[in-house]
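**Student:** Pasting in a structure now, in structure tokens, and then I'll have a few things to ask.
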Amino acid sequence: MKKLIIIGWNNIDWIKIQKIVFKWQQAIYSASKSGDIRLVRKLQKRLVNSPSAKLLAVRRITQDNRGKATACVDKVKILVPSKRFTLAQQLKLPIKSSPFRRVWIHKPATNEKGPLEIPTIKDRCTQALVKLALEPEWEARFEPNSYGFRPGRKCQDAVKAIYDCLVKGSKYVLDADIAKCFDQINHDALIRKIGMKGAFARQIKYWLKAGVLDSNIFQHPQSRTPQGEVISPLLANIALHGLETHLKTWASTRKIKYNSGKPIKTNHRADSLQMIRYANDFIVLHPDRQVILDCKAVIKEFLAEIGLELSKAKTRVTHSLKLDPVNDTTELGFDGIVGFNFLGFTFKQYKTQHKSAKSTSGKHLSYKTLIYPSTKSVAKQNKKLHELILKQGKTLNQKTLIQKLNPIIRGWASYFGTSHANTTRHLIRQDYTLYLKLRQWAKRKSGTSGKGAKFWRRVENNKWEFGTGTIKLLQHRNYSNPINKFVKVRSENSPFGSEQL
């Protein structure tokens, strides 16, 4: 550590530091994969005590993190390089946690506000250090269809997992959400599940039981993993770990049938049920109605052990293709709406006579599975475009407007383009909606629609591009990536595994 202080923070060989830490993480992952918990704990202890891990943890919080300038109760926002060294030297487990500062932020697509609890910089760095050691252990243990807040996995992987399940046949669906997941997790149950002792266990308890300062009012919550903590998503994933396996084990004991009425063999029963989870939202799919209805009770029992419960308002039962008006009633939890929304996408199957609709085995189907942006997702994007073009855009010139629009278009289209959004013409409709808003902006700028045409020009083979001589507007349709061509991460793969080298 002394040599690193002498050469200066900005002169540290960060590539070398990352390689050292990554080798430790690979060793932890390998030991966890083989079930050698004693070796895992030994390696984790060495990792958190290594100067390289401490420096990397401090860098990620004070330099790389987007929220690095967020102040907590100590009002410290930014650390100069010399103080980063001092902080790295002070990181040692366990360190008592300071109270968190709670702020309230708007939840996406709702009028509600949710709490965000901000630890001090020192607490954030300590959490980043522990996460370096804890994450590879659990990456070796997490279930294959858990996708939220995991390295090397993204939303599109979860979307493709659902698609791969639906193209094999229509399914009944439990669209579930866990109520106040981060606020209600039982501390003792979580600590037992993590399985750590000594300094690690005491450190995690300090974070879980730390007080919260909300508008100068001090609170001491008894159960939660605060949103805003670096380690909170990992702890939430650990708390929910085992639910997929629990459901499959339960399904293997049931006498269940395919859509055709043919009984499912005992050794195939577990695989007939699919659960895809992204953080506290998850989908359960199965061809048998009764299995989906009964698994709600199984899930509630599992969640109760860690202090959680299903959200009554956000949990629903439906079918991917069609509902039976006689048996799929509101008394059983059906709301009469076919299909479901997940991660901003709508998943639904439509009847068709086209022979191109086939199952994975080549069998002709009478329906086609489509995935496209949900109505809320489209409305949210249009609202954002309207705000920027027709409100903020009043004072912007064309070049500045394009510079602000392009990241919004690229972000939305890159995310939702990995679907059937091009087939369903959602991307083309977004481009047309964008054009109408820009035409209105151009009319305001020039006085008439005719004069406003000067903002469009020929670019290569396209005669009607909104742009200047140096920059042009991006289009949603250019980011189409059919979901059937998307390559999902393999369930057993991890950035810490040797297969990634």
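Each chain of the structure tokens is named A, B, ... in the order shown, its residues numbered from 1; ligands are numbered from 1 in display order.
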With only C-alpha atoms as the counted atoms, please give the residues lying no more than 12 Å from Val40 (chain A), apart from itself and same-chain residues fewer than 2 positions off, as a count of residues only.
**Tutor:** 30
**Student:** Do you have, as JSON lines, the list of residues of region 158-252 of chain A lying at most 7 Å from region 83-94 of chain A, each with its nearest atom pair and that distance in Å to one decimal, counting only C-alpha atoms and ordered by chain then number?
**Tutor:**
```
{"residue": "A:Ala199", "atom": "CA", "partner": "A:Pro94", "partner_atom": "CA", "distance": 5.3}
{"residue": "A:Phe200", "atom": "CA", "partner": "A:Pro94", "partner_atom": "CA", "distance": 6.9}
{"residue": "A:Arg202", "atom": "CA", "partner": "A:Pro94", "partner_atom": "CA", "distance": 6.4}
{"residue": "A:Gln203", "atom": "CA", "partner": "A:Pro94", "partner_atom": "CA", "distance": 4.8}
```
**Student:** Between CA of His319 (chain A) and CA of Lys351 (chain A), what is the spacing in Å?
**Tutor:**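 Between these atoms lies a distance of 13.4 Å.
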**Student:** Nearest to Ser419 (chain A): which of A:Asn49, A:Asn382, A:Ser374, A:Thr433 is it, counting only C-alpha atoms?
**Tutor:**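 The answer is A:Ser374, which sits nearest to Ser419 (chain A).
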**Student:** Measuring between only C-alpha atoms, which one of A:Lys399, A:Lys404, A:Lys255, A:Lys300 shows the shortest distance to Ile471 (chain A)?
**Tutor:**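 Among A:Lys399, A:Lys404, A:Lys255, A:Lys300, it is A:Lys399 that comes nearest to Ile471 (chain A).
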**Student:** Taking the chain letters and numbering used in this document, name the residues of region 162-291 of chain A that DSSP puts in alpha helix (DSSP H), as a PDB file with N, CA, C and O atoms, in the first residue's frame.
**Tutor:**
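File written: part-v3.pdb
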```
ATOM      1  N   ILE A 162     -38.265 -16.451 -21.742  1.00  0.00           N
ATOM      2  CA  ILE A 162     -39.723 -16.572 -21.813  1.00  0.00           C
ATOM      3  C   ILE A 162     -40.151 -16.961 -23.230  1.00  0.00           C
ATOM      4  O   ILE A 162     -41.007 -17.822 -23.424  1.00  0.00           O
ATOM      5  N   TYR A 163     -39.536 -16.328 -24.212  1.00  0.00           N
ATOM      6  CA  TYR A 163     -39.866 -16.641 -25.605  1.00  0.00           C
ATOM      7  C   TYR A 163     -39.580 -18.112 -25.922  1.00  0.00           C
ATOM      8  O   TYR A 163     -40.395 -18.791 -26.545  1.00  0.00           O
ATOM      9  N   ASP A 164     -38.431 -18.609 -25.491  1.00  0.00           N
ATOM     10  CA  ASP A 164     -38.068 -20.007 -25.739  1.00  0.00           C
ATOM     11  C   ASP A 164     -39.076 -20.966 -25.116  1.00  0.00           C
ATOM     12  O   ASP A 164     -39.296 -22.069 -25.630  1.00  0.00           O
ATOM     13  N   CYS A 165     -39.665 -20.551 -24.014  1.00  0.00           N
ATOM     14  CA  CYS A 165     -40.670 -21.384 -23.354  1.00  0.00           C
ATOM     15  C   CYS A 165     -42.001 -21.341 -24.099  1.00  0.00           C
ATOM     16  O   CYS A 165     -42.647 -22.371 -24.309  1.00  0.00           O
ATOM     17  N   LEU A 166     -42.406 -20.152 -24.538  1.00  0.00           N
ATOM     18  CA  LEU A 166     -43.706 -19.992 -25.184  1.00  0.00           C
ATOM     19  C   LEU A 166     -43.756 -20.604 -26.586  1.00  0.00           C
ATOM     20  O   LEU A 166     -44.816 -21.074 -27.018  1.00  0.00           O
ATOM     21  N   CYS A 181     -40.411  -5.704  -1.671  1.00  0.00           N
ATOM     22  CA  CYS A 181     -39.371  -6.722  -1.501  1.00  0.00           C
ATOM     23  C   CYS A 181     -38.204  -6.218  -0.663  1.00  0.00           C
ATOM     24  O   CYS A 181     -37.760  -6.872   0.280  1.00  0.00           O
ATOM     25  N   PHE A 182     -37.683  -5.021  -0.983  1.00  0.00           N
ATOM     26  CA  PHE A 182     -36.506  -4.524  -0.292  1.00  0.00           C
ATOM     27  C   PHE A 182     -36.822  -4.066   1.135  1.00  0.00           C
ATOM     28  O   PHE A 182     -35.920  -3.939   1.961  1.00  0.00           O
ATOM     29  N   ASP A 183     -38.094  -3.817   1.422  1.00  0.00           N
ATOM     30  CA  ASP A 183     -38.460  -3.279   2.729  1.00  0.00           C
ATOM     31  C   ASP A 183     -38.826  -4.342   3.761  1.00  0.00           C
ATOM     32  O   ASP A 183     -38.813  -4.071   4.960  1.00  0.00           O
ATOM     33  N   GLN A 184     -39.162  -5.554   3.316  1.00  0.00           N
ATOM     34  CA  GLN A 184     -39.748  -6.526   4.231  1.00  0.00           C
ATOM     35  C   GLN A 184     -38.896  -7.773   4.497  1.00  0.00           C
ATOM     36  O   GLN A 184     -39.320  -8.656   5.240  1.00  0.00           O
ATOM     37  N   HIS A 187     -34.333 -10.056   8.533  1.00  0.00           N
ATOM     38  CA  HIS A 187     -32.880  -9.996   8.697  1.00  0.00           C
ATOM     39  C   HIS A 187     -32.280 -11.330   9.121  1.00  0.00           C
ATOM     40  O   HIS A 187     -31.280 -11.794   8.542  1.00  0.00           O
ATOM     41  N   ASP A 188     -32.853 -11.946  10.127  1.00  0.00           N
ATOM     42  CA  ASP A 188     -32.297 -13.198  10.658  1.00  0.00           C
ATOM     43  C   ASP A 188     -32.327 -14.305   9.611  1.00  0.00           C
ATOM     44  O   ASP A 188     -31.366 -15.073   9.471  1.00  0.00           O
ATOM     45  N   ALA A 189     -33.437 -14.373   8.857  1.00  0.00           N
ATOM     46  CA  ALA A 189     -33.547 -15.398   7.812  1.00  0.00           C
ATOM     47  C   ALA A 189     -32.515 -15.166   6.715  1.00  0.00           C
ATOM     48  O   ALA A 189     -31.919 -16.115   6.190  1.00  0.00           O
ATOM     49  N   LEU A 190     -32.269 -13.901   6.383  1.00  0.00           N
ATOM     50  CA  LEU A 190     -31.283 -13.575   5.350  1.00  0.00           C
ATOM     51  C   LEU A 190     -29.873 -13.928   5.805  1.00  0.00           C
ATOM     52  O   LEU A 190     -29.090 -14.510   5.047  1.00  0.00           O
ATOM     53  N   ILE A 191     -29.540 -13.590   7.043  1.00  0.00           N
ATOM     54  CA  ILE A 191     -28.201 -13.901   7.580  1.00  0.00           C
ATOM     55  C   ILE A 191     -27.965 -15.408   7.580  1.00  0.00           C
ATOM     56  O   ILE A 191     -26.887 -15.896   7.218  1.00  0.00           O
ATOM     57  N   ARG A 192     -29.000 -16.173   7.978  1.00  0.00           N
ATOM     58  CA  ARG A 192     -28.864 -17.636   7.989  1.00  0.00           C
ATOM     59  C   ARG A 192     -28.644 -18.159   6.566  1.00  0.00           C
ATOM     60  O   ARG A 192     -27.878 -19.094   6.350  1.00  0.00           O
ATOM     61  N   LYS A 193     -29.326 -17.565   5.610  1.00  0.00           N
ATOM     62  CA  LYS A 193     -29.219 -18.029   4.230  1.00  0.00           C
ATOM     63  C   LYS A 193     -27.842 -17.709   3.644  1.00  0.00           C
ATOM     64  O   LYS A 193     -27.278 -18.502   2.882  1.00  0.00           O
ATOM     65  N   ILE A 194     -27.299 -16.561   3.994  1.00  0.00           N
ATOM     66  CA  ILE A 194     -25.966 -16.194   3.514  1.00  0.00           C
ATOM     67  C   ILE A 194     -24.927 -17.166   4.056  1.00  0.00           C
ATOM     68  O   ILE A 194     -23.980 -17.547   3.361  1.00  0.00           O
ATOM     69  N   GLY A 198     -18.706 -14.614  11.905  1.00  0.00           N
ATOM     70  CA  GLY A 198     -17.608 -13.723  12.259  1.00  0.00           C
ATOM     71  C   GLY A 198     -17.779 -12.318  11.728  1.00  0.00           C
ATOM     72  O   GLY A 198     -18.874 -11.758  11.724  1.00  0.00           O
ATOM     73  N   ALA A 199     -16.668 -11.725  11.243  1.00  0.00           N
ATOM     74  CA  ALA A 199     -16.655 -10.329  10.815  1.00  0.00           C
ATOM     75  C   ALA A 199     -17.618 -10.075   9.664  1.00  0.00           C
ATOM     76  O   ALA A 199     -18.282  -9.040   9.616  1.00  0.00           O
ATOM     77  N   PHE A 200     -17.740 -11.021   8.717  1.00  0.00           N
ATOM     78  CA  PHE A 200     -18.646 -10.846   7.582  1.00  0.00           C
ATOM     79  C   PHE A 200     -20.087 -10.721   8.063  1.00  0.00           C
ATOM     80  O   PHE A 200     -20.822  -9.819   7.638  1.00  0.00           O
ATOM     81  N   ALA A 201     -20.507 -11.631   8.937  1.00  0.00           N
ATOM     82  CA  ALA A 201     -21.887 -11.626   9.427  1.00  0.00           C
ATOM     83  C   ALA A 201     -22.190 -10.356  10.218  1.00  0.00           C
ATOM     84  O   ALA A 201     -23.252  -9.749  10.060  1.00  0.00           O
ATOM     85  N   ARG A 202     -21.248  -9.949  11.075  1.00  0.00           N
ATOM     86  CA  ARG A 202     -21.456  -8.733  11.867  1.00  0.00           C
ATOM     87  C   ARG A 202     -21.556  -7.508  10.969  1.00  0.00           C
ATOM     88  O   ARG A 202     -22.380  -6.610  11.208  1.00  0.00           O
ATOM     89  N   GLN A 203     -20.727  -7.476   9.911  1.00  0.00           N
ATOM     90  CA  GLN A 203     -20.750  -6.342   8.999  1.00  0.00           C
ATOM     91  C   GLN A 203     -22.095  -6.243   8.273  1.00  0.00           C
ATOM     92  O   GLN A 203     -22.667  -5.149   8.173  1.00  0.00           O
ATOM     93  N   ILE A 204     -22.611  -7.349   7.797  1.00  0.00           N
ATOM     94  CA  ILE A 204     -23.906  -7.336   7.101  1.00  0.00           C
ATOM     95  C   ILE A 204     -25.026  -6.931   8.054  1.00  0.00           C
ATOM     96  O   ILE A 204     -25.943  -6.186   7.681  1.00  0.00           O
ATOM     97  N   LYS A 205     -24.950  -7.393   9.311  1.00  0.00           N
ATOM     98  CA  LYS A 205     -25.951  -6.993  10.309  1.00  0.00           C
ATOM     99  C   LYS A 205     -25.913  -5.496  10.562  1.00  0.00           C
ATOM    100  O   LYS A 205     -26.952  -4.856  10.732  1.00  0.00           O
ATOM    101  N   TYR A 206     -24.721  -4.918  10.602  1.00  0.00           N
ATOM    102  CA  TYR A 206     -24.605  -3.467  10.797  1.00  0.00           C
ATOM    103  C   TYR A 206     -25.350  -2.717   9.695  1.00  0.00           C
ATOM    104  O   TYR A 206     -26.045  -1.730   9.960  1.00  0.00           O
ATOM    105  N   TRP A 207     -25.209  -3.173   8.457  1.00  0.00           N
ATOM    106  CA  TRP A 207     -25.891  -2.500   7.344  1.00  0.00           C
ATOM    107  C   TRP A 207     -27.398  -2.691   7.415  1.00  0.00           C
ATOM    108  O   TRP A 207     -28.164  -1.760   7.195  1.00  0.00           O
ATOM    109  N   LEU A 208     -27.830  -3.914   7.709  1.00  0.00           N
ATOM    110  CA  LEU A 208     -29.268  -4.202   7.738  1.00  0.00           C
ATOM    111  C   LEU A 208     -29.985  -3.451   8.850  1.00  0.00           C
ATOM    112  O   LEU A 208     -31.138  -3.052   8.702  1.00  0.00           O
ATOM    113  N   SER A 232     -27.351  -4.163  -1.813  1.00  0.00           N
ATOM    114  CA  SER A 232     -28.763  -4.535  -1.644  1.00  0.00           C
ATOM    115  C   SER A 232     -29.298  -5.479  -2.725  1.00  0.00           C
ATOM    116  O   SER A 232     -29.963  -6.466  -2.409  1.00  0.00           O
ATOM    117  N   PRO A 233     -29.062  -5.213  -4.028  1.00  0.00           N
ATOM    118  CA  PRO A 233     -29.568  -6.144  -5.045  1.00  0.00           C
ATOM    119  C   PRO A 233     -29.036  -7.558  -4.878  1.00  0.00           C
ATOM    120  O   PRO A 233     -29.774  -8.534  -5.088  1.00  0.00           O
ATOM    121  N   LEU A 234     -27.769  -7.685  -4.496  1.00  0.00           N
ATOM    122  CA  LEU A 234     -27.188  -9.012  -4.287  1.00  0.00           C
ATOM    123  C   LEU A 234     -27.858  -9.704  -3.103  1.00  0.00           C
ATOM    124  O   LEU A 234     -28.191 -10.897  -3.170  1.00  0.00           O
ATOM    125  N   LEU A 235     -28.090  -8.965  -2.016  1.00  0.00           N
ATOM    126  CA  LEU A 235     -28.737  -9.553  -0.840  1.00  0.00           C
ATOM    127  C   LEU A 235     -30.176  -9.973  -1.164  1.00  0.00           C
ATOM    128  O   LEU A 235     -30.647 -11.007  -0.688  1.00  0.00           O
ATOM    129  N   ALA A 236     -30.866  -9.174  -1.968  1.00  0.00           N
ATOM    130  CA  ALA A 236     -32.239  -9.529  -2.357  1.00  0.00           C
ATOM    131  C   ALA A 236     -32.248 -10.794  -3.207  1.00  0.00           C
ATOM    132  O   ALA A 236     -33.123 -11.658  -3.052  1.00  0.00           O
ATOM    133  N   ASN A 237     -31.286 -10.919  -4.111  1.00  0.00           N
ATOM    134  CA  ASN A 237     -31.187 -12.134  -4.931  1.00  0.00           C
ATOM    135  C   ASN A 237     -30.904 -13.357  -4.075  1.00  0.00           C
ATOM    136  O   ASN A 237     -31.430 -14.448  -4.327  1.00  0.00           O
ATOM    137  N   ILE A 238     -30.068 -13.185  -3.052  1.00  0.00           N
ATOM    138  CA  ILE A 238     -29.767 -14.299  -2.141  1.00  0.00           C
ATOM    139  C   ILE A 238     -31.026 -14.711  -1.380  1.00  0.00           C
ATOM    140  O   ILE A 238     -31.313 -15.899  -1.208  1.00  0.00           O
ATOM    141  N   ALA A 239     -31.799 -13.702  -0.938  1.00  0.00           N
ATOM    142  CA  ALA A 239     -33.024 -13.992  -0.188  1.00  0.00           C
ATOM    143  C   ALA A 239     -34.015 -14.792  -1.029  1.00  0.00           C
ATOM    144  O   ALA A 239     -34.699 -15.681  -0.519  1.00  0.00           O
ATOM    145  N   LEU A 240     -34.095 -14.493  -2.327  1.00  0.00           N
ATOM    146  CA  LEU A 240     -35.066 -15.162  -3.210  1.00  0.00           C
ATOM    147  C   LEU A 240     -34.505 -16.409  -3.868  1.00  0.00           C
ATOM    148  O   LEU A 240     -35.227 -17.117  -4.572  1.00  0.00           O
ATOM    149  N   LEU A 243     -36.221 -20.345  -4.927  1.00  0.00           N
ATOM    150  CA  LEU A 243     -37.652 -20.381  -5.263  1.00  0.00           C
ATOM    151  C   LEU A 243     -37.895 -21.208  -6.529  1.00  0.00           C
ATOM    152  O   LEU A 243     -38.845 -22.002  -6.579  1.00  0.00           O
ATOM    153  N   GLU A 244     -37.054 -21.042  -7.528  1.00  0.00           N
ATOM    154  CA  GLU A 244     -37.216 -21.802  -8.776  1.00  0.00           C
ATOM    155  C   GLU A 244     -37.072 -23.303  -8.522  1.00  0.00           C
ATOM    156  O   GLU A 244     -37.897 -24.110  -8.979  1.00  0.00           O
ATOM    157  N   THR A 245     -36.036 -23.683  -7.779  1.00  0.00           N
ATOM    158  CA  THR A 245     -35.814 -25.094  -7.459  1.00  0.00           C
ATOM    159  C   THR A 245     -36.955 -25.655  -6.626  1.00  0.00           C
ATOM    160  O   THR A 245     -37.406 -26.792  -6.833  1.00  0.00           O
ATOM    161  N   HIS A 246     -37.441 -24.846  -5.685  1.00  0.00           N
ATOM    162  CA  HIS A 246     -38.548 -25.263  -4.817  1.00  0.00           C
ATOM    163  C   HIS A 246     -39.803 -25.561  -5.636  1.00  0.00           C
ATOM    164  O   HIS A 246     -40.488 -26.572  -5.412  1.00  0.00           O
ATOM    165  N   LEU A 247     -40.091 -24.703  -6.620  1.00  0.00           N
ATOM    166  CA  LEU A 247     -41.274 -24.898  -7.464  1.00  0.00           C
ATOM    167  C   LEU A 247     -41.131 -26.130  -8.352  1.00  0.00           C
ATOM    168  O   LEU A 247     -42.077 -26.898  -8.536  1.00  0.00           O
ATOM    169  N   LYS A 248     -39.945 -26.328  -8.920  1.00  0.00           N
ATOM    170  CA  LYS A 248     -39.725 -27.482  -9.784  1.00  0.00           C
ATOM    171  C   LYS A 248     -39.807 -28.791  -8.994  1.00  0.00           C
ATOM    172  O   LYS A 248     -40.346 -29.799  -9.488  1.00  0.00           O
ATOM    173  N   THR A 249     -39.281 -28.788  -7.778  1.00  0.00           N
ATOM    174  CA  THR A 249     -39.373 -29.979  -6.920  1.00  0.00           C
ATOM    175  C   THR A 249     -40.824 -30.297  -6.600  1.00  0.00           C
ATOM    176  O   THR A 249     -41.254 -31.455  -6.621  1.00  0.00           O
ATOM    177  N   TRP A 250     -41.581 -29.238  -6.320  1.00  0.00           N
ATOM    178  CA  TRP A 250     -43.012 -29.407  -6.038  1.00  0.00           C
ATOM    179  C   TRP A 250     -43.743 -29.946  -7.271  1.00  0.00           C
ATOM    180  O   TRP A 250     -44.569 -30.855  -7.177  1.00  0.00           O
ATOM    181  N   ALA A 251     -43.422 -29.402  -8.456  1.00  0.00           N
ATOM    182  CA  ALA A 251     -44.095 -29.832  -9.682  1.00  0.00           C
ATOM    183  C   ALA A 251     -43.796 -31.295 -10.004  1.00  0.00           C
ATOM    184  O   ALA A 251     -44.634 -31.990 -10.590  1.00  0.00           O
ATOM    185  N   ARG A 269     -41.656 -33.819 -15.367  1.00  0.00           N
ATOM    186  CA  ARG A 269     -42.593 -32.906 -14.692  1.00  0.00           C
ATOM    187  C   ARG A 269     -41.924 -31.619 -14.234  1.00  0.00           C
ATOM    188  O   ARG A 269     -42.479 -30.520 -14.381  1.00  0.00           O
ATOM    189  N   ALA A 270     -40.737 -31.739 -13.673  1.00  0.00           N
ATOM    190  CA  ALA A 270     -40.042 -30.547 -13.183  1.00  0.00           C
ATOM    191  C   ALA A 270     -39.730 -29.586 -14.328  1.00  0.00           C
ATOM    192  O   ALA A 270     -39.903 -28.363 -14.201  1.00  0.00           O
ATOM    193  N   ASP A 271     -39.294 -30.111 -15.470  1.00  0.00           N
ATOM    194  CA  ASP A 271     -38.940 -29.270 -16.612  1.00  0.00           C
ATOM    195  C   ASP A 271     -40.163 -28.668 -17.298  1.00  0.00           C
ATOM    196  O   ASP A 271     -40.028 -27.708 -18.063  1.00  0.00           O
ATOM    197  N   SER A 272     -41.353 -29.218 -17.040  1.00  0.00           N
ATOM    198  CA  SER A 272     -42.558 -28.670 -17.660  1.00  0.00           C
ATOM    199  C   SER A 272     -42.952 -27.333 -17.059  1.00  0.00           C
ATOM    200  O   SER A 272     -43.702 -26.566 -17.663  1.00  0.00           O
ATOM    201  N   ARG A 289     -53.599 -25.528 -16.015  1.00  0.00           N
ATOM    202  CA  ARG A 289     -54.197 -24.446 -15.251  1.00  0.00           C
ATOM    203  C   ARG A 289     -54.056 -24.661 -13.744  1.00  0.00           C
ATOM    204  O   ARG A 289     -53.690 -23.755 -12.993  1.00  0.00           O
ATOM    205  N   GLN A 290     -54.361 -25.868 -13.284  1.00  0.00           N
ATOM    206  CA  GLN A 290     -54.376 -26.137 -11.849  1.00  0.00           C
ATOM    207  C   GLN A 290     -52.985 -26.009 -11.225  1.00  0.00           C
ATOM    208  O   GLN A 290     -52.853 -25.595 -10.076  1.00  0.00           O
ATOM    209  N   VAL A 291     -51.963 -26.347 -11.992  1.00  0.00           N
ATOM    210  CA  VAL A 291     -50.592 -26.200 -11.487  1.00  0.00           C
ATOM    211  C   VAL A 291     -50.291 -24.730 -11.211  1.00  0.00           C
ATOM    212  O   VAL A 291     -49.732 -24.379 -10.164  1.00  0.00           O
TER     213      VAL A 291
END
```
**Student:** Between CA of Asp335 (chain A) and CA of Ala179 (chain A), what is the distance in Å, rounded to a tenth?
**Tutor:**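 Atom-to-atom, CA of Asp335 (chain A) and CA of Ala179 (chain A) are spaced 19.5 Å apart.
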**Student:** Would you mind listing what lies within 12 Å of Lys262 (chain A) as a ChimeraX atom specification, with only C-alpha atoms counted and same-chain residues fewer than 4 positions away left out?
**Tutor:** /A:255-258,287-288
**Student:** Enumerate the residues of region 109-294 of chain A with a DSSP assignment of strand (DSSP E or B), computed from the backbone, and present them as an MDAnalysis selection string.
**Tutor:** chainID A and resid 113:118 146 172:178 212:214 217:219 227 229 257 263 274:278 281:286
**Student:** Those residues you just picked out, can you put them in a file as a PDB file, in the first residue's frame with C-alpha atoms?
**Tutor:**
```
ATOM      1  CA  LYS A 113     -42.721   7.687  -4.817  1.00  0.00           C
ATOM      2  CA  GLY A 114     -40.294   5.099  -3.480  1.00  0.00           C
ATOM      3  CA  PRO A 115     -37.581   5.408  -0.830  1.00  0.00           C
ATOM      4  CA  LEU A 116     -33.899   5.518  -1.753  1.00  0.00           C
ATOM      5  CA  GLU A 117     -31.528   5.180   1.186  1.00  0.00           C
ATOM      6  CA  ILE A 118     -28.029   6.550   0.713  1.00  0.00           C
ATOM      7  CA  SER A 146     -32.456 -15.584 -12.265  1.00  0.00           C
ATOM      8  CA  TYR A 172     -51.011 -20.603 -18.377  1.00  0.00           C
ATOM      9  CA  VAL A 173     -49.118 -17.798 -16.676  1.00  0.00           C
ATOM     10  CA  LEU A 174     -48.665 -16.533 -13.142  1.00  0.00           C
ATOM     11  CA  ASP A 175     -47.479 -12.942 -13.479  1.00  0.00           C
ATOM     12  CA  ALA A 176     -46.187 -12.206  -9.982  1.00  0.00           C
ATOM     13  CA  ASP A 177     -44.622  -9.338  -8.085  1.00  0.00           C
ATOM     14  CA  ILE A 178     -43.285  -9.368  -4.531  1.00  0.00           C
ATOM     15  CA  VAL A 212     -32.399   5.966   8.588  1.00  0.00           C
ATOM     16  CA  LEU A 213     -32.620   9.757   8.631  1.00  0.00           C
ATOM     17  CA  ASP A 214     -35.772  10.844   6.809  1.00  0.00           C
ATOM     18  CA  ILE A 217     -36.501  12.160  11.682  1.00  0.00           C
ATOM     19  CA  PHE A 218     -34.460   9.153  12.796  1.00  0.00           C
ATOM     20  CA  GLN A 219     -35.972   5.706  12.215  1.00  0.00           C
ATOM     21  CA  GLN A 227     -32.648   0.457  -1.853  1.00  0.00           C
ATOM     22  CA  GLU A 229     -27.058   0.320  -1.070  1.00  0.00           C
ATOM     23  CA  LYS A 257     -50.744 -33.158 -18.301  1.00  0.00           C
ATOM     24  CA  PRO A 263     -49.832 -37.200 -18.942  1.00  0.00           C
ATOM     25  CA  GLN A 274     -40.681 -22.680 -16.028  1.00  0.00           C
ATOM     26  CA  MET A 275     -39.965 -19.749 -13.749  1.00  0.00           C
ATOM     27  CA  ILE A 276     -38.119 -16.659 -14.988  1.00  0.00           C
ATOM     28  CA  ARG A 277     -37.203 -14.076 -12.353  1.00  0.00           C
ATOM     29  CA  TYR A 278     -35.821 -10.572 -12.682  1.00  0.00           C
ATOM     30  CA  ASP A 281     -40.679  -9.699 -10.561  1.00  0.00           C
ATOM     31  CA  PHE A 282     -41.146 -13.194 -11.908  1.00  0.00           C
ATOM     32  CA  ILE A 283     -43.187 -15.270 -14.328  1.00  0.00           C
ATOM     33  CA  VAL A 284     -44.290 -18.890 -13.857  1.00  0.00           C
ATOM     34  CA  LEU A 285     -45.451 -20.796 -16.961  1.00  0.00           C
ATOM     35  CA  HIS A 286     -47.100 -24.206 -17.265  1.00  0.00           C
TER      36      HIS A 286
END
```
**Student:** Quote the spacing between CA of Ile389 (chain A) and CA of Leu405 (chain A) in Å to one decimal place.
**Tutor:**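 Spanning CA of Ile389 (chain A) to CA of Leu405 (chain A) is a straight-line distance of 8.3 Å.
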**Student:** Please provide the set of residues having any atom within 8 Å of Trp14 (chain A), restricted to only C-alpha atoms, with same-chain residues fewer than 3 positions apart removed, written as a ChimeraX atom specification.
**Tutor:** /A:17-18,56
**Student:** Selected residues, all heavy atoms, written as an mmCIF file, in the first residue's frame, please.
**Tutor:**
```cif
data_model
loop_
_atom_site.group_PDB
_atom_site.id
_atom_site.type_symbol
_atom_site.label_atom_id
_atom_site.label_comp_id
_atom_site.auth_asym_id
_atom_site.auth_seq_id
_atom_site.Cartn_x
_atom_site.Cartn_y
_atom_site.Cartn_z
ATOM 1 N N ILE A 17 -4.469 -4.150 -11.071
ATOM 2 C CA ILE A 17 -5.294 -4.283 -9.861
ATOM 3 C C ILE A 17 -6.522 -5.140 -10.143
ATOM 4 O O ILE A 17 -6.862 -6.052 -9.386
ATOM 5 C CB ILE A 17 -5.722 -2.890 -9.353
ATOM 6 C CG1 ILE A 17 -4.514 -2.100 -8.824
ATOM 7 C CG2 ILE A 17 -6.799 -3.010 -8.271
ATOM 8 C CD1 ILE A 17 -3.949 -2.598 -7.535
ATOM 9 N N GLN A 18 -7.190 -4.862 -11.260
ATOM 10 C CA GLN A 18 -8.397 -5.608 -11.619
ATOM 11 C C GLN A 18 -8.095 -7.079 -11.882
ATOM 12 O O GLN A 18 -8.875 -7.960 -11.521
ATOM 13 C CB GLN A 18 -9.059 -4.969 -12.839
ATOM 14 C CG GLN A 18 -9.711 -3.627 -12.538
ATOM 15 C CD GLN A 18 -10.256 -2.958 -13.785
ATOM 16 O OE1 GLN A 18 -9.690 -3.082 -14.867
ATOM 17 N NE2 GLN A 18 -11.348 -2.218 -13.641
ATOM 18 N N LEU A 56 -9.678 -1.065 -5.391
ATOM 19 C CA LEU A 56 -10.678 -1.204 -6.455
ATOM 20 C C LEU A 56 -12.065 -0.828 -5.947
ATOM 21 O O LEU A 56 -12.846 -0.182 -6.658
ATOM 22 C CB LEU A 56 -10.683 -2.641 -6.987
ATOM 23 C CG LEU A 56 -11.602 -2.906 -8.179
ATOM 24 C CD1 LEU A 56 -11.236 -2.023 -9.361
ATOM 25 C CD2 LEU A 56 -11.556 -4.381 -8.577
#
```
**Student:** Select, from A:Thr448, A:Leu427, A:Leu343, A:Leu473, the residue with the minimum atom-to-atom distance to Lys160 (chain A), counting only C-alpha atoms.
**Tutor:** A:Leu343
